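So this one's structure39.pdb, PDB, C-alpha atoms, pLDDT in the B column:
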```pdb
ATOM      1  CA  MET P   1      85.808  48.621  82.960  1.00 51.00           C
ATOM      2  CA  GLN P   2      85.324  50.567  86.157  1.00 64.00           C
ATOM      3  CA  ILE P   3      84.875  48.650  89.396  1.00 64.00           C
ATOM      4  CA  GLU P   4      83.426  50.636  92.265  1.00 71.00           C
ATOM      5  CA  THR P   5      82.183  49.748  95.701  1.00 74.00           C
ATOM      6  CA  MET P   6      80.759  51.985  98.389  1.00 77.00           C
ATOM      7  CA  MET P   7      83.991  51.525 100.326  1.00 82.00           C
ATOM      8  CA  SER P   8      86.142  52.464  97.327  1.00 81.00           C
ATOM      9  CA  ASP P   9      84.036  55.621  96.871  1.00 85.00           C
ATOM     10  CA  LYS P  10      84.586  56.514 100.523  1.00 88.00           C
ATOM     11  CA  VAL P  11      88.324  55.914 100.256  1.00 91.00           C
ATOM     12  CA  ALA P  12      88.493  57.961  97.048  1.00 89.00           C
ATOM     13  CA  ARG P  13      86.889  60.907  98.828  1.00 92.00           C
ATOM     14  CA  TYR P  14      89.264  60.400 101.759  1.00 94.00           C
ATOM     15  CA  LEU P  15      92.201  60.558  99.341  1.00 95.00           C
ATOM     16  CA  ASP P  16      90.792  63.717  97.752  1.00 95.00           C
ATOM     17  CA  LEU P  17      90.556  65.356 101.177  1.00 96.00           C
ATOM     18  CA  ALA P  18      94.078  64.289 102.158  1.00 96.00           C
ATOM     19  CA  SER P  19      95.368  65.653  98.856  1.00 96.00           C
ATOM     20  CA  THR P  20      93.543  68.948  99.389  1.00 96.00           C
ATOM     21  CA  GLN P  21      94.985  69.210 102.883  1.00 96.00           C
ATOM     22  CA  ALA P  22      98.492  68.721 101.478  1.00 97.00           C
ATOM     23  CA  LYS P  23      97.865  71.371  98.785  1.00 97.00           C
ATOM     24  CA  LEU P  24      96.639  73.896 101.353  1.00 97.00           C
ATOM     25  CA  THR P  25      99.687  73.230 103.485  1.00 98.00           C
ATOM     26  CA  ALA P  26     102.000  73.645 100.489  1.00 97.00           C
ATOM     27  CA  GLN P  27     100.247  76.915  99.627  1.00 98.00           C
ATOM     28  CA  ASN P  28     100.749  78.146 103.182  1.00 98.00           C
ATOM     29  CA  MET P  29     104.427  77.161 103.085  1.00 98.00           C
ATOM     30  CA  ALA P  30     104.909  78.924  99.757  1.00 98.00           C
ATOM     31  CA  ASN P  31     103.537  82.116 101.288  1.00 98.00           C
ATOM     32  CA  LEU P  32     105.689  81.998 104.412  1.00 97.00           C
ATOM     33  CA  ASP P  33     107.333  85.336 103.565  1.00 96.00           C
ATOM     34  CA  THR P  34     104.310  87.062 101.983  1.00 97.00           C
ATOM     35  CA  PRO P  35     103.394  90.076 104.125  1.00 98.00           C
ATOM     36  CA  GLY P  36      99.806  89.945 105.358  1.00 97.00           C
ATOM     37  CA  TYR P  37      99.210  86.362 104.215  1.00 98.00           C
ATOM     38  CA  LYS P  38      96.885  84.367 106.484  1.00 98.00           C
ATOM     39  CA  ALA P  39      97.159  80.580 106.688  1.00 98.00           C
ATOM     40  CA  LEU P  40      94.341  78.606 105.074  1.00 97.00           C
ATOM     41  CA  GLY P  41      92.976  75.299 106.283  1.00 96.00           C
ATOM     42  CA  MET P  42      89.997  73.024 106.570  1.00 96.00           C
ATOM     43  CA  ASP P  43      88.411  70.859 109.243  1.00 96.00           C
ATOM     44  CA  PHE P  44      89.416  67.453 107.871  1.00 95.00           C
ATOM     45  CA  GLU P  45      87.179  65.472 110.199  1.00 95.00           C
ATOM     46  CA  ALA P  46      84.062  67.561 109.454  1.00 95.00           C
ATOM     47  CA  GLU P  47      84.723  67.387 105.718  1.00 95.00           C
ATOM     48  CA  MET P  48      85.231  63.626 105.978  1.00 94.00           C
ATOM     49  CA  ARG P  49      81.931  63.196 107.836  1.00 93.00           C
ATOM     50  CA  ALA P  50      80.118  65.224 105.181  1.00 92.00           C
ATOM     51  CA  ALA P  51      81.778  63.210 102.404  1.00 90.00           C
ATOM     52  CA  MET P  52      80.779  59.888 104.011  1.00 89.00           C
ATOM     53  CA  GLU P  53      77.184  61.049 104.382  1.00 90.00           C
ATOM     54  CA  GLY P  54      77.262  62.032 100.715  1.00 87.00           C
ATOM     55  CA  VAL P  55      78.437  58.572  99.676  1.00 83.00           C
ATOM     56  CA  GLN P  56      75.724  56.938 101.810  1.00 84.00           C
ATOM     57  CA  ILE P  57      72.933  58.853 100.063  1.00 86.00           C
ATOM     58  CA  GLY P  58      74.562  58.896  96.623  1.00 82.00           C
ATOM     59  CA  ARG P  59      75.169  62.640  96.532  1.00 83.00           C
ATOM     60  CA  SER P  60      78.007  64.078  94.468  1.00 83.00           C
ATOM     61  CA  PRO P  61      80.876  65.672  96.406  1.00 83.00           C
ATOM     62  CA  GLN P  62      80.047  69.074  97.891  1.00 86.00           C
ATOM     63  CA  PRO P  63      82.425  72.057  97.766  1.00 91.00           C
ATOM     64  CA  LEU P  64      84.923  72.050 100.615  1.00 93.00           C
ATOM     65  CA  GLN P  65      84.743  74.601 103.404  1.00 95.00           C
ATOM     66  CA  ILE P  66      88.214  76.153 103.277  1.00 96.00           C
ATOM     67  CA  GLY P  67      88.910  79.144 105.447  1.00 96.00           C
ATOM     68  CA  LEU P  68      91.415  81.084 107.467  1.00 96.00           C
ATOM     69  CA  GLU P  69      93.021  79.271 110.382  1.00 96.00           C
ATOM     70  CA  ASP P  70      92.015  80.756 113.730  1.00 93.00           C
ATOM     71  CA  GLY P  71      94.210  81.295 116.750  1.00 94.00           C
ATOM     72  CA  LEU P  72      97.567  81.592 115.014  1.00 96.00           C
ATOM     73  CA  VAL P  73     100.108  84.180 116.112  1.00 96.00           C
ATOM     74  CA  ALA P  74     100.824  86.781 113.446  1.00 96.00           C
ATOM     75  CA  ARG P  75     104.257  88.291 112.944  1.00 96.00           C
ATOM     76  CA  PRO P  76     104.693  92.086 112.702  1.00 97.00           C
ATOM     77  CA  ASP P  77     104.169  91.904 108.915  1.00 97.00           C
ATOM     78  CA  GLY P  78     100.730  90.323 109.467  1.00 96.00           C
ATOM     79  CA  ASN P  79     101.699  86.860 108.213  1.00 97.00           C
ATOM     80  CA  ASN P  80     100.665  84.031 110.548  1.00 97.00           C
ATOM     81  CA  VAL P  81     102.241  81.017 108.809  1.00 98.00           C
ATOM     82  CA  SER P  82     104.450  78.852 111.034  1.00 97.00           C
ATOM     83  CA  MET P  83     106.816  76.533 109.184  1.00 97.00           C
ATOM     84  CA  ASP P  84     106.828  74.114 112.140  1.00 97.00           C
ATOM     85  CA  ARG P  85     103.028  73.884 112.130  1.00 97.00           C
ATOM     86  CA  GLU P  86     102.860  73.510 108.357  1.00 98.00           C
ATOM     87  CA  SER P  87     105.562  70.822 108.354  1.00 97.00           C
ATOM     88  CA  LEU P  88     103.540  68.857 110.889  1.00 97.00           C
ATOM     89  CA  ASN P  89     100.357  69.348 108.834  1.00 96.00           C
ATOM     90  CA  LEU P  90     102.125  68.157 105.683  1.00 97.00           C
ATOM     91  CA  ALA P  91     103.456  65.038 107.413  1.00 97.00           C
ATOM     92  CA  GLU P  92      99.948  64.290 108.712  1.00 97.00           C
ATOM     93  CA  ALA P  93      98.417  64.738 105.244  1.00 96.00           C
ATOM     94  CA  GLN P  94     101.053  62.429 103.736  1.00 97.00           C
ATOM     95  CA  LEU P  95     100.342  59.728 106.322  1.00 97.00           C
ATOM     96  CA  LYS P  96      96.606  60.027 105.700  1.00 96.00           C
ATOM     97  CA  PHE P  97      97.138  59.714 101.963  1.00 96.00           C
ATOM     98  CA  LYS P  98      99.420  56.694 102.297  1.00 97.00           C
ATOM     99  CA  ALA P  99      96.920  54.976 104.605  1.00 96.00           C
ATOM    100  CA  GLY P 100      94.131  55.650 102.113  1.00 94.00           C
ATOM    101  CA  VAL P 101      96.150  54.153  99.271  1.00 95.00           C
ATOM    102  CA  VAL P 102      96.723  50.985 101.315  1.00 95.00           C
ATOM    103  CA  VAL P 103      93.001  50.641 102.064  1.00 93.00           C
ATOM    104  CA  LEU P 104      92.055  51.283  98.428  1.00 89.00           C
ATOM    105  CA  ARG P 105      94.586  48.723  97.224  1.00 90.00           C
ATOM    106  CA  GLN P 106      93.092  46.169  99.633  1.00 90.00           C
ATOM    107  CA  GLN P 107      89.579  46.919  98.355  1.00 85.00           C
ATOM    108  CA  TYR P 108      90.580  46.366  94.747  1.00 85.00           C
ATOM    109  CA  GLN P 109      92.478  43.221  95.672  1.00 89.00           C
ATOM    110  CA  MET P 110      89.332  41.827  97.323  1.00 85.00           C
ATOM    111  CA  VAL P 111      87.321  42.585  94.178  1.00 82.00           C
ATOM    112  CA  MET P 112      89.954  40.953  91.974  1.00 85.00           C
ATOM    113  CA  ASP P 113      90.063  37.899  94.252  1.00 89.00           C
ATOM    114  CA  ALA P 114      86.274  37.587  93.975  1.00 85.00           C
ATOM    115  CA  ILE P 115      86.440  37.845  90.183  1.00 85.00           C
ATOM    116  CA  HIS P 116      89.102  35.176  89.958  1.00 88.00           C
ATOM    117  CA  ALA P 117      87.641  32.882  92.659  1.00 84.00           C
ATOM    118  CA  ASP P 118      86.403  30.294  90.155  1.00 76.00           C
ATOM    119  CA  LYS P 119      89.741  29.901  88.387  1.00 66.00           C
TER     120      LYS P 119
END
```

What would you get if you wrote out this structure as structure tokens?
Amino acid sequence: MQIETMMSDKVARYLDLASTQAKLTAQNMANLDTPGYKALGMDFEAEMRAAMEGVQIGRSPQPLQIGLEDGLVARPDGNNVSMDRESLNLAEAQLKFKAGVVVLRQQYQMVMDAIHADK
């Protein structure tokens, strides 16, 4: 049996975005020493807004807008990945994911409490 609420759908999309952000950061970190590599990223807030609008109108998730990060300083080999920046991005993505898991757990607990209210 699958139990879904609008809030659980929103949180699921939030978790997907946080996971994608962590994957992009890991990809950037893995390419730290790749000559000419340009850091990839996404606008988390814009993607989250689009995802929430999609849940409101019942639309399936749209493809994410992932692109090159602007304004980063490139090294002489053309690579613009900064380990400090990526470490911060990874920590932020992990915190977002953990917060989403807590909210989702609370949502399911509320549903379970409602189911078992008569017992």

Quick one: everything within 9 Å of Ala93 (chain P), counting all atoms listed in the file, minus sequence neighbours fewer than 3 positions away in the same chain. Send it as a short mmCIF file (atom, residue, chain, number, x, y, z; two decimals) with C-alpha atoms, keeping the file's coordinate frame.
```cif
data_model
loop_
_atom_site.label_atom_id
_atom_site.label_comp_id
_atom_site.auth_asym_id
_atom_site.auth_seq_id
_atom_site.Cartn_x
_atom_site.Cartn_y
_atom_site.Cartn_z
CA LEU P 17 90.56 65.36 101.18
CA ALA P 18 94.08 64.29 102.16
CA SER P 19 95.37 65.65 98.86
CA THR P 20 93.54 68.95 99.39
CA GLN P 21 94.98 69.21 102.88
CA ALA P 22 98.49 68.72 101.48
CA THR P 25 99.69 73.23 103.48
CA LEU P 88 103.54 68.86 110.89
CA ASN P 89 100.36 69.35 108.83
CA LEU P 90 102.12 68.16 105.68
CA LYS P 96 96.61 60.03 105.70
CA PHE P 97 97.14 59.71 101.96
CA LYS P 98 99.42 56.69 102.30
#
```

What does the PyMOL selection byres ((chain P and resi 50-59) around 12) select in this file, as a VMD selection string? chain P and resid 4 to 17 43 to 49 60 to 65

Write the residues of the selection above to a file with C-alpha atoms, as a PDB file, keeping the file's coordinate frame.
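Output file selection-v2.pdb is given in full below:
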```pdb
ATOM      1  CA  GLU P   4      83.426  50.636  92.265  1.00 71.00           C
ATOM      2  CA  THR P   5      82.183  49.748  95.701  1.00 74.00           C
ATOM      3  CA  MET P   6      80.759  51.985  98.389  1.00 77.00           C
ATOM      4  CA  MET P   7      83.991  51.525 100.326  1.00 82.00           C
ATOM      5  CA  SER P   8      86.142  52.464  97.327  1.00 81.00           C
ATOM      6  CA  ASP P   9      84.036  55.621  96.871  1.00 85.00           C
ATOM      7  CA  LYS P  10      84.586  56.514 100.523  1.00 88.00           C
ATOM      8  CA  VAL P  11      88.324  55.914 100.256  1.00 91.00           C
ATOM      9  CA  ALA P  12      88.493  57.961  97.048  1.00 89.00           C
ATOM     10  CA  ARG P  13      86.889  60.907  98.828  1.00 92.00           C
ATOM     11  CA  TYR P  14      89.264  60.400 101.759  1.00 94.00           C
ATOM     12  CA  LEU P  15      92.201  60.558  99.341  1.00 95.00           C
ATOM     13  CA  ASP P  16      90.792  63.717  97.752  1.00 95.00           C
ATOM     14  CA  LEU P  17      90.556  65.356 101.177  1.00 96.00           C
ATOM     15  CA  ASP P  43      88.411  70.859 109.243  1.00 96.00           C
ATOM     16  CA  PHE P  44      89.416  67.453 107.871  1.00 95.00           C
ATOM     17  CA  GLU P  45      87.179  65.472 110.199  1.00 95.00           C
ATOM     18  CA  ALA P  46      84.062  67.561 109.454  1.00 95.00           C
ATOM     19  CA  GLU P  47      84.723  67.387 105.718  1.00 95.00           C
ATOM     20  CA  MET P  48      85.231  63.626 105.978  1.00 94.00           C
ATOM     21  CA  ARG P  49      81.931  63.196 107.836  1.00 93.00           C
ATOM     22  CA  SER P  60      78.007  64.078  94.468  1.00 83.00           C
ATOM     23  CA  PRO P  61      80.876  65.672  96.406  1.00 83.00           C
ATOM     24  CA  GLN P  62      80.047  69.074  97.891  1.00 86.00           C
ATOM     25  CA  PRO P  63      82.425  72.057  97.766  1.00 91.00           C
ATOM     26  CA  LEU P  64      84.923  72.050 100.615  1.00 93.00           C
ATOM     27  CA  GLN P  65      84.743  74.601 103.404  1.00 95.00           C
TER      28      GLN P  65
END
```

One decimal, Å: what's the distance from CA of Met110 (chain P) over to CA of Gln94 (chain P), could you say? 24.6 Å

I'd like the neighbourhood of region 69-78 of chain P as a list in words, where a residue qualifies if any of its atoms comes within 9 Å (using all atoms listed in the file), though same-chain residues fewer than 6 positions away should be ignored. Thr34, Pro35, Gly36, Tyr37, Lys38, Ala39, Leu40, Gly41 and Met42 of chain P

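With CA of Ala26 (chain P) on one side and CA of Leu68 (chain P) on the other, the separation reads 14.7 Å.
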